[in-house]
Amino acid sequence: MPGQPGTLTAPAGAAQVTPARKTLLIVYHTHTGGTLQMARAAADGAGREPAINVRLLHAAQAGPDDVLAADGMIFATPENLAAMSGLLKDFFDRSYYAALDRINGRPYACLVCAGSDGSNAVRQIERICTGWRLRLIADALIVCTHAQTPDDILRDKRIDPPDLERCADLGAAFGAGLAMGIY
Ligand SMILES: Cc1cc2nc3c(=O)[nH]c(=O)nc-3n(C[C@H](O)[C@H](O)[C@H](O)COP(=O)(O)O)c2cc1C
């Protein structure tokens, strides 16, 4: 019955409450463009969800305030010398303690662009995110560009459409899950 304890009927004339838009922060770094293409594809995928505000930030521009304001995060990096890129590490160094214990349980995913491997960059990011007590929502997505000679490594990258599609799908699933409150 309306008005009984436990009923959720809005009073006549009450404004409709629309749920707040959720923010997905994507922090990336790249040397030769591959990771940026992956991050943009993920951002486009997430952006298909109208209830999601996507923020795509270069690692040098991102910091703890951006982390605290995000409902979910994607970290995107090339693998360099068996590690995440230095600028993404710098972002974590600048943000880690300011956000520690303030973002527990928030969802995250990671994208890695690698010439041949990528697994150490993933391991490093996952270790930091375990410290942050974030929740991994999908296996790390590694795209291999097969760049192994100096010439290939230094050349601008073009990520194949099927790999960009995988990034877009991850972004879309992340956005939909955030919007539905699953994550
Ligand atoms: C200094 C340097 C170190 C690299 N070390 C690795 C590595 O350890 N493992 C790997 O798989 N690829 C390595 N690569 C290759 C890059 O990961 C690959 O070219 C990737 O596609 C670059 O992504 P980006 O276009 O976003 O910079 C290295 C590239 C550079 C420039």
# chains A, B, ... in the order shown; residues from 1 in each chain; ligands from 1

$ select_by_dssp --residues "segment 20-67 of chain A" --states "strand (DSSP E or B)" --output "VMD selection string"
chain A and resid 22 to 28 52 to 58

$ closest_atom_pairs --of "segment 71-161 of chain A" --to "segment 33-55 of chain A" --cutoff "10 Å" --atoms "only C-alpha atoms" --output "Markdown table"
| residue | atom | partner | partner_atom | distance |
| --- | --- | --- | --- | --- |
| A:Asp71 | CA | A:Ile52 | CA | 9.8 |
| A:Gly72 | CA | A:Val54 | CA | 9.8 |
| A:Met73 | CA | A:Arg55 | CA | 9.4 |
| A:Ile74 | CA | A:Ala39 | CA | 8.3 |
| A:Phe75 | CA | A:Ala39 | CA | 8.5 |
| A:Ala76 | CA | A:Thr35 | CA | 6.4 |
| A:Thr77 | CA | A:Thr35 | CA | 5.9 |
| A:Pro78 | CA | A:Thr35 | CA | 6.1 |
| A:Glu79 | CA | A:Thr35 | CA | 9.7 |
| A:Cys110 | CA | A:Ala39 | CA | 9.6 |
| A:Leu111 | CA | A:Met38 | CA | 7.3 |
| A:Val112 | CA | A:Thr35 | CA | 6.9 |
| A:Cys113 | CA | A:Thr35 | CA | 5.5 |
| A:Ala114 | CA | A:Gly34 | CA | 8.9 |
| A:Leu141 | CA | A:Met38 | CA | 9.7 |
| A:Ile142 | CA | A:Met38 | CA | 9.8 |
| A:Val143 | CA | A:Met38 | CA | 8.6 |
| A:Cys144 | CA | A:Gly34 | CA | 9.8 |
| A:Thr145 | CA | A:Gly34 | CA | 8.2 |
| A:Arg155 | CA | A:Gly33 | CA | 9.2 |
| A:Asp156 | CA | A:Gly33 | CA | 6.0 |
| A:Lys157 | CA | A:Gly34 | CA | 5.1 |
| A:Arg158 | CA | A:Gly34 | CA | 6.2 |
| A:Ile159 | CA | A:Gly34 | CA | 6.0 |
| A:Asp160 | CA | A:Gln37 | CA | 9.8 |
| A:Pro161 | CA | A:Ala41 | CA | 9.8 |

$ write_last_selection --atoms "N, CA and C atoms" --output "PDB file, in the first residue's frame"
ATOM      1  N   ASP A  71      34.994   5.482 -11.228  1.00  0.00           N
ATOM      2  CA  ASP A  71      34.280   4.300 -10.728  1.00  0.00           C
ATOM      3  C   ASP A  71      34.935   3.019 -11.204  1.00  0.00           C
ATOM      4  N   GLY A  72      35.690   3.111 -12.300  1.00  0.00           N
ATOM      5  CA  GLY A  72      36.427   1.968 -12.828  1.00  0.00           C
ATOM      6  C   GLY A  72      37.611   2.488 -13.620  1.00  0.00           C
ATOM      7  N   MET A  73      38.621   1.635 -13.820  1.00  0.00           N
ATOM      8  CA  MET A  73      39.841   2.091 -14.501  1.00  0.00           C
ATOM      9  C   MET A  73      40.369   1.043 -15.466  1.00  0.00           C
ATOM     10  N   ILE A  74      40.929   1.543 -16.567  1.00  0.00           N
ATOM     11  CA  ILE A  74      41.688   0.689 -17.482  1.00  0.00           C
ATOM     12  C   ILE A  74      43.082   1.288 -17.584  1.00  0.00           C
ATOM     13  N   PHE A  75      44.096   0.454 -17.400  1.00  0.00           N
ATOM     14  CA  PHE A  75      45.487   0.889 -17.521  1.00  0.00           C
ATOM     15  C   PHE A  75      46.047   0.296 -18.810  1.00  0.00           C
ATOM     16  N   ALA A  76      46.646   1.158 -19.639  1.00  0.00           N
ATOM     17  CA  ALA A  76      47.097   0.715 -20.959  1.00  0.00           C
ATOM     18  C   ALA A  76      48.553   1.131 -21.168  1.00  0.00           C
ATOM     19  N   THR A  77      49.374   0.170 -21.573  1.00  0.00           N
ATOM     20  CA  THR A  77      50.810   0.449 -21.675  1.00  0.00           C
ATOM     21  C   THR A  77      51.475  -0.437 -22.721  1.00  0.00           C
ATOM     22  N   PRO A  78      52.555   0.040 -23.309  1.00  0.00           N
ATOM     23  CA  PRO A  78      53.421  -0.891 -24.035  1.00  0.00           C
ATOM     24  C   PRO A  78      54.262  -1.659 -23.022  1.00  0.00           C
ATOM     25  N   GLU A  79      54.767  -2.820 -23.419  1.00  0.00           N
ATOM     26  CA  GLU A  79      55.789  -3.449 -22.577  1.00  0.00           C
ATOM     27  C   GLU A  79      57.144  -2.930 -23.048  1.00  0.00           C
ATOM     28  N   CYS A 110      43.283  -4.243 -17.820  1.00  0.00           N
ATOM     29  CA  CYS A 110      44.513  -3.687 -18.384  1.00  0.00           C
ATOM     30  C   CYS A 110      44.760  -4.132 -19.812  1.00  0.00           C
ATOM     31  N   LEU A 111      45.345  -3.209 -20.582  1.00  0.00           N
ATOM     32  CA  LEU A 111      45.672  -3.413 -22.001  1.00  0.00           C
ATOM     33  C   LEU A 111      47.171  -3.274 -22.153  1.00  0.00           C
ATOM     34  N   VAL A 112      47.791  -4.224 -22.849  1.00  0.00           N
ATOM     35  CA  VAL A 112      49.231  -4.138 -23.070  1.00  0.00           C
ATOM     36  C   VAL A 112      49.533  -4.346 -24.547  1.00  0.00           C
ATOM     37  N   CYS A 113      50.368  -3.466 -25.084  1.00  0.00           N
ATOM     38  CA  CYS A 113      50.830  -3.575 -26.458  1.00  0.00           C
ATOM     39  C   CYS A 113      52.288  -4.036 -26.398  1.00  0.00           C
ATOM     40  N   ALA A 114      52.580  -5.180 -26.971  1.00  0.00           N
ATOM     41  CA  ALA A 114      53.908  -5.775 -26.803  1.00  0.00           C
ATOM     42  C   ALA A 114      54.477  -6.214 -28.143  1.00  0.00           C
ATOM     43  N   LEU A 141      44.384  -7.862 -21.599  1.00  0.00           N
ATOM     44  CA  LEU A 141      44.342  -8.001 -23.052  1.00  0.00           C
ATOM     45  C   LEU A 141      45.704  -7.561 -23.623  1.00  0.00           C
ATOM     46  N   ILE A 142      46.444  -8.527 -24.165  1.00  0.00           N
ATOM     47  CA  ILE A 142      47.761  -8.242 -24.743  1.00  0.00           C
ATOM     48  C   ILE A 142      47.647  -8.317 -26.258  1.00  0.00           C
ATOM     49  N   VAL A 143      48.090  -7.249 -26.930  1.00  0.00           N
ATOM     50  CA  VAL A 143      48.188  -7.271 -28.393  1.00  0.00           C
ATOM     51  C   VAL A 143      49.666  -7.337 -28.755  1.00  0.00           C
ATOM     52  N   CYS A 144      50.000  -8.313 -29.586  1.00  0.00           N
ATOM     53  CA  CYS A 144      51.404  -8.476 -29.997  1.00  0.00           C
ATOM     54  C   CYS A 144      51.604  -7.869 -31.376  1.00  0.00           C
ATOM     55  N   THR A 145      52.527  -6.918 -31.473  1.00  0.00           N
ATOM     56  CA  THR A 145      52.784  -6.259 -32.760  1.00  0.00           C
ATOM     57  C   THR A 145      53.927  -6.931 -33.522  1.00  0.00           C
ATOM     58  N   ARG A 155      59.271   1.928 -35.362  1.00  0.00           N
ATOM     59  CA  ARG A 155      58.273   2.364 -36.360  1.00  0.00           C
ATOM     60  C   ARG A 155      56.911   2.604 -35.698  1.00  0.00           C
ATOM     61  N   ASP A 156      56.156   3.594 -36.243  1.00  0.00           N
ATOM     62  CA  ASP A 156      54.786   3.795 -35.753  1.00  0.00           C
ATOM     63  C   ASP A 156      53.973   2.524 -35.974  1.00  0.00           C
ATOM     64  N   LYS A 157      53.115   2.223 -35.012  1.00  0.00           N
ATOM     65  CA  LYS A 157      52.354   0.977 -35.082  1.00  0.00           C
ATOM     66  C   LYS A 157      50.955   1.209 -35.656  1.00  0.00           C
ATOM     67  N   ARG A 158      50.474   0.153 -36.314  1.00  0.00           N
ATOM     68  CA  ARG A 158      49.069   0.136 -36.742  1.00  0.00           C
ATOM     69  C   ARG A 158      48.464  -1.158 -36.218  1.00  0.00           C
ATOM     70  N   ILE A 159      47.555  -1.014 -35.274  1.00  0.00           N
ATOM     71  CA  ILE A 159      46.957  -2.201 -34.655  1.00  0.00           C
ATOM     72  C   ILE A 159      45.866  -2.749 -35.571  1.00  0.00           C
ATOM     73  N   ASP A 160      45.888  -4.065 -35.783  1.00  0.00           N
ATOM     74  CA  ASP A 160      44.926  -4.693 -36.701  1.00  0.00           C
ATOM     75  C   ASP A 160      43.495  -4.541 -36.190  1.00  0.00           C
ATOM     76  N   PRO A 161      42.546  -4.379 -37.137  1.00  0.00           N
ATOM     77  CA  PRO A 161      41.144  -4.211 -36.728  1.00  0.00           C
ATOM     78  C   PRO A 161      40.625  -5.295 -35.776  1.00  0.00           C
TER      79      PRO A 161
END

$ closest_residue --among "A:Ile128, A:Leu170, A:Met180, A:Leu24" --to "Leu88 of chain A" --atoms "only C-alpha atoms"
A:Ile128

$ select_by_dssp --residues "segment 2-183 of chain A" --states "helix (DSSP H, G or I)" --output "ChimeraX atom specification"
/A:34-47,59-61,64-68,86-99,119-131,150-154,161-180

$ closest_residue --among "A:Val67, A:His29, A:Thr23, A:Ile182" --to "Leu134 of chain A" --atoms "only C-alpha atoms"
A:Val67

$ residues_around --residues "Val122 of chain A" --least-positions-apart "2" --cutoff "8 Å" --atoms "only C-alpha atoms" --output "ChimeraX atom specification"
/A:84,110,112,118-120,124-126,140

$ closest_residue --among "A:Gly131, A:Gly105, A:Pro150, A:Gly63" --to "ligand 1" --atoms "only C-alpha atoms and all ligand atoms"
A:Pro150
